[in-house]
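A.B. asks: Dropping in structure08.tsv, which is TSV, C-alpha atoms:
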chain	number	residue	atom	x	y	z
A	15	MET	CA	0.00	0.00	0.00
A	16	THR	CA	2.68	2.50	1.02
A	17	ASN	CA	4.77	1.42	-1.95
A	18	ASN	CA	1.86	2.13	-4.26
A	19	MET	CA	1.24	5.53	-2.70
A	20	SER	CA	4.85	6.58	-3.07
A	21	GLY	CA	4.71	5.49	-6.71
A	22	ILE	CA	1.80	7.84	-7.31
A	23	SER	CA	3.50	10.74	-5.58
A	24	VAL	CA	6.71	10.17	-7.53
A	25	PHE	CA	4.68	10.11	-10.73
A	26	LEU	CA	2.92	13.34	-9.75
A	27	ALA	CA	6.18	15.02	-8.81
A	28	ASP	CA	7.73	13.99	-12.12
A	29	LYS	CA	4.87	14.35	-14.58
A	30	GLY	CA	2.03	16.06	-12.69
A	31	ILE	CA	2.83	19.49	-14.05
A	32	TYR	CA	2.13	18.25	-17.58
A	33	PHE	CA	-1.37	17.30	-16.48
A	34	LEU	CA	-1.90	20.79	-15.06
A	35	THR	CA	-0.75	22.50	-18.25
A	36	ALA	CA	-2.91	20.17	-20.36
A	37	PHE	CA	-5.85	20.98	-18.08
A	38	LEU	CA	-5.21	24.71	-18.54
A	39	LEU	CA	-5.06	24.22	-22.31
A	40	VAL	CA	-8.39	22.37	-22.52
A	41	LEU	CA	-9.90	24.92	-20.13
A	42	GLY	CA	-9.07	27.57	-22.73
A	43	ILE	CA	-10.45	25.42	-25.56
A	44	TYR	CA	-13.64	24.78	-23.60
A	45	GLY	CA	-14.10	28.48	-22.98
A	46	MET	CA	-13.51	29.31	-26.64
A	47	ILE	CA	-16.14	26.75	-27.69
A	48	THR	CA	-18.85	27.53	-25.17
A	49	CYS	CA	-18.60	31.26	-24.37
A	50	LYS	CA	-21.03	33.44	-26.29
A	51	ASN	CA	-19.21	36.67	-25.47
A	52	TYR	CA	-16.38	37.50	-27.85
A	53	MET	CA	-14.35	39.23	-25.13
A	54	LYS	CA	-14.47	36.05	-23.06
A	55	LYS	CA	-13.40	34.08	-26.13
A	56	LEU	CA	-10.36	36.36	-26.44
A	57	ILE	CA	-9.51	35.87	-22.76
A	58	CYS	CA	-9.77	32.09	-23.21
A	59	MET	CA	-7.40	32.32	-26.18
A	60	ASN	CA	-4.91	34.04	-23.87
A	61	ILE	CA	-5.33	31.25	-21.32
A	62	MET	CA	-4.46	28.73	-24.05
A	63	GLN	CA	-1.33	30.68	-24.95
A	64	VAL	CA	-0.26	30.79	-21.31
A	65	ALA	CA	-0.74	27.01	-21.08
A	66	VAL	CA	1.54	26.46	-24.07
A	67	ILE	CA	4.13	28.82	-22.56
A	68	PHE	CA	4.05	26.91	-19.24
A	69	PHE	CA	4.43	23.62	-21.10
A	70	PHE	CA	7.57	24.83	-22.84
A	71	LEU	CA	9.03	26.31	-19.65
A	72	CYS	CA	8.68	22.88	-17.97
A	73	PHE	CA	11.33	21.56	-20.38
A	74	GLY	CA	13.83	24.21	-19.33
A	75	GLN	CA	13.93	23.00	-15.72
A	76	LYS	CA	16.98	21.14	-14.47
A	77	ASN	CA	17.66	19.68	-11.05
A	78	GLY	CA	20.32	21.64	-9.18
A	79	GLY	CA	20.44	24.31	-11.85
A	80	THR	CA	20.52	28.04	-11.21
A	81	ILE	CA	19.29	30.91	-13.36
A	82	PRO	CA	20.89	31.12	-16.83
A	83	VAL	CA	23.33	33.92	-15.98
A	84	GLN	CA	26.95	32.95	-15.68
A	85	VAL	CA	28.35	33.03	-12.15
A	86	THR	CA	32.10	33.31	-11.72
A	87	GLY	CA	33.61	29.98	-10.84
A	88	LEU	CA	30.58	27.91	-11.77
A	89	MET	CA	31.38	26.21	-15.05
A	90	GLY	CA	29.61	23.44	-16.84
A	91	ALA	CA	26.22	23.08	-18.49
A	92	ARG	CA	24.69	21.03	-15.67
A	93	HIS	CA	24.78	23.98	-13.24
A	94	TYR	CA	22.47	26.18	-15.32
A	95	ILE	CA	18.91	25.60	-16.48
A	96	ASN	CA	18.20	25.46	-20.17
A	97	PRO	CA	18.10	29.00	-21.65
A	98	LEU	CA	16.53	27.98	-24.96
A	99	PRO	CA	12.85	27.57	-23.86
A	100	HIS	CA	13.07	30.85	-21.96
A	101	GLY	CA	14.28	32.69	-25.04
A	102	LEU	CA	11.63	31.16	-27.24
A	103	MET	CA	8.81	31.85	-24.79
A	104	LEU	CA	9.94	35.43	-24.23
A	105	THR	CA	9.18	36.15	-27.86
A	106	ALA	CA	5.98	34.08	-27.70
A	107	ILE	CA	4.67	36.28	-24.86
A	108	VAL	CA	5.29	39.38	-26.94
A	109	VAL	CA	3.58	37.89	-29.98
A	110	SER	CA	0.58	36.95	-27.84
A	111	LEU	CA	0.38	40.64	-26.90
A	112	GLY	CA	0.22	41.48	-30.60
A	113	THR	CA	-2.55	38.96	-31.32
A	114	THR	CA	-4.53	40.25	-28.32
A	115	GLY	CA	-4.21	43.79	-29.63
A	116	VAL	CA	-5.47	42.88	-33.10
A	117	GLY	CA	-8.32	40.91	-31.51
A	118	LEU	CA	-9.32	43.91	-29.41
A	119	ALA	CA	-9.31	46.10	-32.52
A	120	LEU	CA	-11.63	43.63	-34.28
A	121	LEU	CA	-13.91	43.64	-31.21
A	122	THR	CA	-14.07	47.44	-31.38
A	123	ARG	CA	-15.21	47.24	-34.99
A	124	ILE	CA	-17.81	44.58	-34.15
A	125	LYS	CA	-19.13	46.69	-31.28
A	126	GLU	CA	-19.47	49.70	-33.54
A	127	LYS	CA	-21.35	47.80	-36.25
A	128	TYR	CA	-23.60	45.59	-34.13
A	129	GLY	CA	-23.82	47.53	-30.88
A	130	SER	CA	-22.83	44.44	-28.92
A	131	ILE	CA	-20.22	41.72	-28.72
A	132	GLU	CA	-22.64	39.00	-27.62
A	133	GLU	CA	-23.02	36.31	-30.25
A	134	ASP	CA	-26.81	36.08	-29.79
A	135	ASP	CA	-27.28	39.81	-30.32
A	136	ILE	CA	-25.11	39.75	-33.44
A	137	ILE	CA	-27.08	36.85	-34.97
A	138	LYS	CA	-30.33	38.58	-34.07
A	139	GLY	CA	-29.15	41.78	-35.72
A	140	GLU	CA	-28.05	39.96	-38.87
A	141	ASN	CA	-31.45	38.27	-39.16
A	142	LYS	CA	-33.21	41.64	-39.23
A	143	PHE	CA	-31.98	42.24	-42.77
B	13	MET	CA	-32.81	17.20	-26.13
B	14	ALA	CA	-30.83	18.42	-29.11
B	15	LYS	CA	-29.60	21.33	-27.04
B	16	LYS	CA	-28.40	18.98	-24.32
B	17	ILE	CA	-26.39	16.97	-26.87
B	18	LYS	CA	-24.99	20.20	-28.27
B	19	ASN	CA	-23.89	21.29	-24.82
B	20	ALA	CA	-22.35	17.91	-24.05
B	21	ILE	CA	-20.15	17.76	-27.17
B	22	PRO	CA	-17.41	20.13	-25.93
B	23	VAL	CA	-17.19	18.37	-22.58
B	24	VAL	CA	-16.85	14.98	-24.30
B	25	ILE	CA	-14.19	16.24	-26.69
B	26	ILE	CA	-12.21	17.79	-23.87
B	27	ALA	CA	-12.48	14.65	-21.72
B	28	ILE	CA	-11.12	12.60	-24.64
B	29	VAL	CA	-8.26	15.05	-25.18
B	30	LEU	CA	-7.36	15.05	-21.48
B	31	ALA	CA	-7.47	11.25	-21.29
B	32	ALA	CA	-5.29	10.96	-24.39
B	33	ALA	CA	-2.81	13.46	-22.98
B	34	PHE	CA	-2.72	11.64	-19.65
B	35	ALA	CA	-2.06	8.33	-21.40
B	36	ARG	CA	0.96	9.80	-23.21
B	37	PHE	CA	2.62	11.42	-20.19
B	38	ASP	CA	5.00	8.48	-19.80
B	39	PHE	CA	6.82	9.56	-22.94
B	40	LEU	CA	7.56	13.02	-21.59
B	41	PRO	CA	10.76	13.51	-19.59
B	42	SER	CA	10.61	13.97	-15.82
B	43	ILE	CA	10.78	17.51	-14.49
B	44	GLY	CA	14.34	18.46	-13.72
B	45	ASP	CA	15.93	15.44	-15.37
B	46	PRO	CA	19.38	16.63	-16.53
B	47	ASP	CA	19.49	13.94	-19.22
B	48	ALA	CA	16.22	14.95	-20.86
B	49	PRO	CA	16.39	15.33	-24.65
B	50	ALA	CA	15.87	19.09	-24.37
B	51	HIS	CA	19.14	19.48	-22.45
B	52	THR	CA	21.39	17.25	-24.52
B	53	ARG	CA	21.43	18.94	-27.95
B	54	THR	CA	22.24	22.59	-28.54
B	55	SER	CA	21.66	24.08	-25.10
B	56	ASP	CA	24.93	22.73	-23.71
B	57	TYR	CA	26.78	24.45	-26.54
B	58	TYR	CA	24.97	27.70	-25.81
B	59	ILE	CA	25.82	27.55	-22.10
B	60	GLU	CA	29.46	26.61	-22.56
B	61	HIS	CA	30.32	28.95	-25.44
B	62	ALA	CA	28.06	31.96	-24.85
B	63	VAL	CA	30.58	34.13	-23.00
B	64	LYS	CA	33.40	33.34	-25.42
B	65	ASP	CA	31.24	33.80	-28.53
B	66	THR	CA	29.06	36.73	-27.58
B	67	ASN	CA	30.54	38.34	-24.42
B	68	SER	CA	27.12	38.06	-22.77
B	69	PRO	CA	26.92	36.27	-19.40
B	70	ASN	CA	23.13	36.15	-19.65
B	71	TYR	CA	22.52	33.07	-21.77
B	72	VAL	CA	18.94	34.01	-22.65
B	73	THR	CA	20.07	37.32	-24.14
B	74	ALA	CA	22.91	35.53	-25.92
B	75	VAL	CA	20.44	33.09	-27.44
B	76	ILE	CA	17.72	35.51	-28.52
B	77	VAL	CA	19.75	38.45	-29.83
B	78	ASP	CA	22.97	36.77	-30.94
B	79	TYR	CA	22.61	33.11	-31.84
B	80	ARG	CA	19.00	33.50	-32.98
B	81	ALA	CA	19.11	37.19	-33.93
B	82	PHE	CA	17.42	36.66	-37.28
B	83	ASP	CA	14.45	35.06	-35.53
B	84	THR	CA	14.14	38.00	-33.13
B	85	MET	CA	14.34	40.50	-35.98
B	86	LEU	CA	11.28	39.00	-37.63
B	87	GLU	CA	9.62	38.79	-34.20
B	88	THR	CA	10.02	42.55	-33.85
B	89	THR	CA	8.60	42.90	-37.35
B	90	VAL	CA	5.58	40.88	-36.24
B	91	MET	CA	5.04	43.34	-33.39
B	92	PHE	CA	5.28	46.26	-35.82
B	93	LEU	CA	2.81	44.58	-38.18
B	94	ALA	CA	0.40	43.95	-35.29
B	95	GLY	CA	0.44	47.66	-34.45
B	96	LEU	CA	0.00	48.52	-38.13
B	97	GLY	CA	-2.90	46.08	-38.37
B	98	VAL	CA	-4.63	47.71	-35.40
B	99	VAL	CA	-4.19	51.15	-36.96
B	100	ILE	CA	-5.53	49.97	-40.33
B	101	LEU	CA	-8.49	48.17	-38.72
B	102	LEU	CA	-9.45	51.28	-36.78
B	103	ALA	CA	-8.62	53.80	-39.49
B	104	SER	CA	-12.22	54.13	-40.69
B	105	ARG	CA	-15.62	53.90	-39.10
B	106	PRO	CA	-18.38	51.58	-40.35
B	107	ASP	CA	-20.93	53.06	-42.75
B	108	PRO	CA	-23.87	54.38	-40.67
B	109	LYS	CA	-26.35	52.75	-43.11
B	110	ALA	CA	-24.71	49.37	-42.63
B	111	ARG	CA	-24.87	49.50	-38.85
B	112	ILE	CA	-27.31	47.12	-37.25
B	113	ILE	CA	-27.86	49.44	-34.30
B	114	LYS	CA	-27.99	53.11	-35.14
B	115	PRO	CA	-25.49	55.19	-33.18
B	116	ARG	CA	-27.19	57.45	-30.70
B	117	LYS	CA	-26.15	60.92	-29.92
B	118	PHE	CA	-24.66	59.60	-26.80
B	119	THR	CA	-23.65	62.93	-25.39
B	120	GLU	CA	-27.32	63.74	-24.87
B	121	ASN	CA	-29.66	61.83	-22.64
B	122	ARG	CA	-26.81	59.95	-21.11
B	123	GLU	CA	-27.10	58.93	-17.53
B	124	HIS	CA	-24.52	60.63	-15.44
B	125	LEU	CA	-22.47	57.81	-14.06
B	126	GLY	CA	-19.87	59.93	-12.33
B	127	ALA	CA	-16.18	59.82	-12.94
B	128	PRO	CA	-14.75	56.45	-13.99
B	129	ALA	CA	-13.19	54.43	-11.23
B	130	TYR	CA	-9.68	54.75	-12.61
B	131	GLN	CA	-9.75	58.50	-12.12
B	132	SER	CA	-9.74	58.01	-8.38
B	133	ILE	CA	-6.13	56.80	-8.48
B	134	ASN	CA	-3.87	59.10	-6.51
B	135	LYS	CA	-2.12	61.19	-9.17
B	136	ASP	CA	0.58	62.51	-6.87
B	137	VAL	CA	1.77	59.06	-5.90
B	138	MET	CA	1.54	57.55	-9.38
B	139	ILE	CA	3.14	60.35	-11.38
B	140	LYS	CA	5.74	61.49	-8.86
B	141	ILE	CA	6.87	58.20	-7.34
B	142	ILE	CA	5.74	55.10	-9.23
B	143	GLU	CA	6.39	56.26	-12.79
B	144	PRO	CA	10.02	57.43	-12.28
B	145	LEU	CA	10.80	54.21	-10.43
B	146	ILE	CA	9.41	52.10	-13.27
B	147	LEU	CA	11.34	54.18	-15.82
B	148	ILE	CA	14.61	53.83	-13.91
B	149	TYR	CA	14.02	50.10	-13.68
B	150	ALA	CA	13.27	49.93	-17.40
B	151	VAL	CA	16.52	51.69	-18.29
B	152	TYR	CA	18.44	49.42	-15.92
B	153	VAL	CA	16.87	46.33	-17.45
B	154	LEU	CA	17.64	47.59	-20.95
B	155	PHE	CA	21.32	48.44	-20.40
B	156	HIS	CA	22.06	45.48	-18.16
B	157	GLY	CA	20.17	43.03	-20.34
B	158	GLU	CA	23.36	41.24	-21.35
B	159	VAL	CA	24.96	41.12	-17.90
B	160	SER	CA	22.02	40.31	-15.66
B	161	LEU	CA	18.43	39.31	-16.15
B	162	GLY	CA	16.46	41.49	-18.50
B	163	GLY	CA	16.42	42.61	-22.08
B	164	GLY	CA	14.70	44.67	-24.69
B	165	PHE	CA	11.26	43.07	-24.56
B	166	GLN	CA	10.94	43.60	-20.82
B	167	ALA	CA	12.16	47.20	-20.99
B	168	GLY	CA	9.70	47.97	-23.79
B	169	ALA	CA	6.83	46.47	-21.81
B	170	LEU	CA	7.80	48.52	-18.74
B	171	ILE	CA	7.95	51.80	-20.65
B	172	GLY	CA	4.61	50.97	-22.29
B	173	MET	CA	3.22	50.37	-18.80
B	174	VAL	CA	4.35	53.84	-17.73
B	175	TYR	CA	2.44	55.29	-20.66
B	176	ILE	CA	-0.66	53.28	-19.72
B	177	ILE	CA	-0.50	54.56	-16.11
B	178	ASP	CA	-0.02	58.11	-17.37
B	179	THR	CA	-3.06	57.80	-19.63
B	180	MET	CA	-5.19	56.29	-16.89
B	181	VAL	CA	-4.51	58.73	-14.09
B	182	SER	CA	-4.87	61.85	-16.22
B	183	PRO	CA	-7.31	61.05	-19.04
B	184	GLY	CA	-8.67	64.47	-19.91
B	185	THR	CA	-5.90	66.76	-18.89
B	186	ILE	CA	-2.75	67.59	-20.77
B	187	SER	CA	-0.27	64.78	-20.27
B	188	LEU	CA	3.48	64.88	-20.50
B	189	ILE	CA	3.65	63.04	-23.81
B	190	ARG	CA	0.86	62.44	-26.25
B	191	LEU	CA	1.61	60.04	-29.06
B	192	PRO	CA	-1.21	59.69	-31.60
B	193	LYS	CA	-1.50	56.23	-33.07
B	194	GLU	CA	-0.11	57.27	-36.45
B	195	ARG	CA	3.08	58.58	-34.87
B	196	SER	CA	3.56	55.71	-32.47
B	197	VAL	CA	3.23	53.13	-35.24
B	198	ALA	CA	5.91	55.05	-37.13
B	199	LEU	CA	8.03	54.85	-33.98
B	200	ALA	CA	7.57	51.07	-33.93
B	201	GLY	CA	8.80	51.01	-37.53
B	202	ALA	CA	11.82	53.05	-36.46
B	203	GLY	CA	12.61	50.47	-33.77
B	204	THR	CA	12.49	47.68	-36.34
B	205	PHE	CA	14.70	49.80	-38.60
B	206	ILE	CA	17.33	50.21	-35.86
B	207	TYR	CA	17.47	46.41	-35.57
B	208	THR	CA	17.87	45.99	-39.32
B	209	LEU	CA	20.42	48.81	-39.47
B	210	THR	CA	22.63	46.86	-37.06
B	211	GLY	CA	22.57	43.97	-39.51
B	212	ILE	CA	23.39	46.27	-42.41
B	213	LEU	CA	26.31	47.77	-40.46
B	214	THR	CA	27.75	44.29	-39.99
B	215	LEU	CA	27.40	43.79	-43.76
B	216	VAL	CA	29.37	47.03	-44.26
B	217	GLY	CA	32.08	45.70	-41.96
B	218	GLY	CA	32.48	42.62	-44.13
B	219	GLY	CA	30.62	40.01	-42.09
B	220	VAL	CA	27.37	38.21	-42.68
B	221	PHE	CA	24.03	39.67	-41.59
B	222	LEU	CA	23.96	40.34	-37.80
B	223	GLU	CA	27.50	39.05	-37.20
B	224	TYR	CA	28.37	41.54	-34.47
B	225	GLY	CA	32.06	40.75	-34.48
B	226	LYS	CA	32.40	42.55	-37.83
B	227	LEU	CA	30.86	45.88	-36.85
B	228	PRO	CA	32.79	48.72	-38.55
B	229	PHE	CA	33.91	50.36	-35.30
B	230	SER	CA	37.44	50.46	-33.92
B	231	MET	CA	36.81	48.25	-30.88
B	232	SER	CA	37.84	44.89	-29.59
B	233	PHE	CA	35.83	41.78	-30.44
B	234	GLU	CA	34.03	41.73	-27.08
B	235	GLU	CA	33.13	45.41	-27.20
B	236	LYS	CA	31.76	45.00	-30.71
B	237	HIS	CA	29.50	42.20	-29.52
B	238	SER	CA	28.28	44.26	-26.56
B	239	THR	CA	27.61	47.24	-28.81
B	240	GLY	CA	25.72	45.12	-31.32
B	241	ILE	CA	23.60	43.52	-28.63
B	242	LEU	CA	22.85	46.93	-27.09
B	243	MET	CA	21.82	48.43	-30.47
B	244	VAL	CA	19.52	45.51	-31.13
B	245	GLU	CA	18.01	45.75	-27.65
B	246	VAL	CA	17.34	49.47	-28.12
B	247	GLY	CA	15.56	48.69	-31.38
B	248	VAL	CA	13.47	45.96	-29.73
B	249	THR	CA	12.62	48.27	-26.81
B	250	ILE	CA	11.40	51.04	-29.09
B	251	GLY	CA	9.42	48.57	-31.20
B	252	VAL	CA	7.64	46.90	-28.27
B	253	MET	CA	6.99	50.19	-26.43
B	254	ALA	CA	5.55	51.88	-29.52
B	255	THR	CA	3.37	48.87	-30.35
B	256	ILE	CA	1.85	48.84	-26.85
B	257	ILE	CA	1.19	52.58	-27.10
B	258	THR	CA	-0.32	52.13	-30.58
B	259	ILE	CA	-2.73	49.43	-29.44
B	260	LEU	CA	-3.72	51.43	-26.35
B	261	ASN	CA	-4.27	54.71	-28.23
B	262	ALA	CA	-6.09	53.20	-31.20
B	263	ILE	CA	-8.60	51.36	-29.00
B	264	HIS	CA	-8.85	54.00	-26.30
B	265	GLU	CA	-9.96	56.76	-28.64
B	266	ARG	CA	-12.77	54.58	-30.05
B	267	ALA	CA	-14.05	52.96	-26.88
B	268	ARG	CA	-17.01	54.56	-25.15
B	269	PHE	CA	-16.85	53.41	-21.61
B	270	ASP	CA	-20.41	54.18	-20.58
B	271	ASP	CA	-22.53	54.18	-23.73
B	272	ASP	CA	-24.48	51.06	-22.88
B	273	LYS	CA	-26.93	52.88	-20.64
Take the structure I supplied and represent it as C-alpha cells, if you would.
C.D. replies:
Amino acid sequence: MTNNMSGISVFLADKGIYFLTAFLLVLGIYGMITCKNYMKKLICMNIMQVAVIFFFLCFGQKNGGTIPVQVTGLMGARHYINPLPHGLMLTAIVVSLGTTGVGLALLTRIKEKYGSIEEDDIIKGENKF
Amino acid sequence: MAKKIKNAIPVVIIAIVLAAAFARFDFLPSIGDPDAPAHTRTSDYYIEHAVKDTNSPNYVTAVIVDYRAFDTMLETTVMFLAGLGVVILLASRPDPKARIIKPRKFTENREHLGAPAYQSINKDVMIKIIEPLILIYAVYVLFHGEVSLGGGFQAGALIGMVYIIDTMVSPGTISLIRLPKERSVALAGAGTFIYTLTGILTLVGGGVFLEYGKLPFSMSFEEKHSTGILMVEVGVTIGVMATIITILNAIHERARFDDDK
C-alpha cells in the first residue's frame, strides 16, 4: 500500500505538471467553444497561450540548476537551467500581446457595427436584414 | 434534447483530449531530469560557449539576440505589423447605413455615471513616485540586459506600462507626452529599422548579416558584440513600447466606456 502511494507521488512530482498545463489548455479550448461573449473568447485564447508557454518552460527546468546567468567559478552546463525555452517563450509572450491587440481592434469594430459583442445579439441583428 | 447533446459535445471532446494526454505522459521527460532530450542537444553548446562567442553572461540574451538574432528580428517585425494592423483596422468607421444598431447621440440623454473608477487613483503618488521608479528600472533592465536578467522586450513592456499609467490617471488633462496612433506606429517602424540597421552595419564591416564581431567600429571583439547587442536591444525596446502605445491609443480613442446605458 505504502509502496503504491509513493509510486503515485513520484509520478505526480515527475509528470504532474504536464497534467496541469494540459488541463489549462483544454480549459481555454472549452471556454472558446462555449462562451457566447467575444471578449471572453479572447480571454480564453490568452489562457491557451499561457498554457503552451508553461508547457515549454517545464522543459527548461533542471535539477540543481541556477538561473541562466553565468556566475564566476561555476562552469559546466549542468549547473544552469536550459536558456533555450526561456528565449523562445519570451518572444511568444510578446507575440501573444500582438494577437490580443489585433483581436481587441476587431472587437471594437464589431461593437461599432452591431452595438454588442454577444453572439446572440449579433445573430439577431443579422437576421433583421 | 438536441440542445443537451450540443452542450455535451465540448465536454466529451475535452475529456477525450485530457485522457489521451494523460495516457501519453509516460513519454515526456521527468521535471528536472538533466538527461532529458531538451538538455542534450544545442543548449549545452549555448551555455558553454556563450561568453566566449558573444561576451554576454546572460545566456537568454545571448540566445535571442545573438545566436537567434534573425528570428528575433522578424519577431520585432511581427510586433510592428500587429500595431500597423490595429491602426488599419481602426482607421475608418463603419458606414452608418450598414450599422445594425444606429449610433445614438450619446452625449445627450446619457445617464450621469460619475467619474470612472480609474480617475480616483492618486495622481501625486503615481506620477511622482511610481512612474520614475518604473522608468529607472526599465533603463536598468535595458542596459544590463546582457549582464544580468532582462532585455529589450521587458524594458519595452515597462515603458509601455508607464504610458498606460499616465493615460489612466490623467485622461482628460494635458499629459506629458501624447503620441497619436499614427506617430507611435511610425516609432515602432523606427525600432524595427534600428534592428535591421545593425545587420546592415555588420554587412558594411564585411561580415554576414547580424555578425556583431564585424561591426565597422574600432573596438575589440568583445566590445563589438556588446555594442551590437545593445543596439539591437534598443531597437526591440522602441518597437515593443511603440506597439503597446499604438494598441492602447487606437482602441482608447474609439471605446465609449459608458454608452451602454
A.B. asks: Skip stretch 124-134 of chain A itself and residues of its chain fewer than 4 positions away, then list as a list in words all residues within 8 Å of it, counting all atoms listed in the file.
C.D. replies: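 These residues fall inside the cut-off: Lys50, Asn51, Tyr52, Met53, Leu120, Lys138 and Gly139 of chain A; Arg105, Pro106, Ala110, Arg111, Ile112 and Ile113 of chain B.
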A.B. asks: What are the residues of chain A that have an atom within 6 Å of an atom of chain B, counting all atoms listed in the file, as a list in words?
C.D. replies: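 For chain A, the answer reads Asp28, Lys29, Gln75, Lys76, Asn77, Pro82, Val83, Gln84, Ala91, Pro97, Gly101, Gly112, Gly115, Val116, Ala119, Lys127, Tyr128, Gly129 and Gly139 of chain A.
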A.B. asks: Report, in Å to a single decimal, how far apart atom CA of B:Arg36 and atom CA of A:Cys49 are.
C.D. replies: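 For atom CA of A:Cys49 relative to atom CA of B:Arg36, the distance reads 29.1 Å.
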A.B. asks: At what distance in Å, to one decimal, does atom CA of B:Val151 lie from atom CA of B:Phe221?
C.D. replies: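 Atom CA of B:Val151 lies 27.3 Å from atom CA of B:Phe221.
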A.B. asks: Would you mind reading off the distance between atom CA of A:Ile61 and atom CA of A:Thr35, one decimal, in Å?
C.D. replies: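 Separation between atom CA of A:Ile61 and atom CA of A:Thr35: 10.3 Å.
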A.B. asks: If you count all atoms listed in the file, which residues fall within 10 Å of A:Ile43, apart from same-chain ones fewer than 3 positions away, as a list of chain:residue names?
C.D. replies: A:Phe37, A:Leu38, A:Leu39, A:Val40, A:Met46, A:Ile47, A:Thr48, A:Lys55, A:Cys58, A:Met59, A:Ile61, A:Met62, B:Pro22, B:Ile25, B:Ile26
A.B. asks: From the set B:Ile17, B:Ala254, B:Leu86, B:Tyr79, which residue has the shortest atom-to-atom contact distance to B:Ala202, counting all atoms listed in the file?
C.D. replies: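 With all atoms listed in the file as the atom set, the closest residue is B:Ala254.
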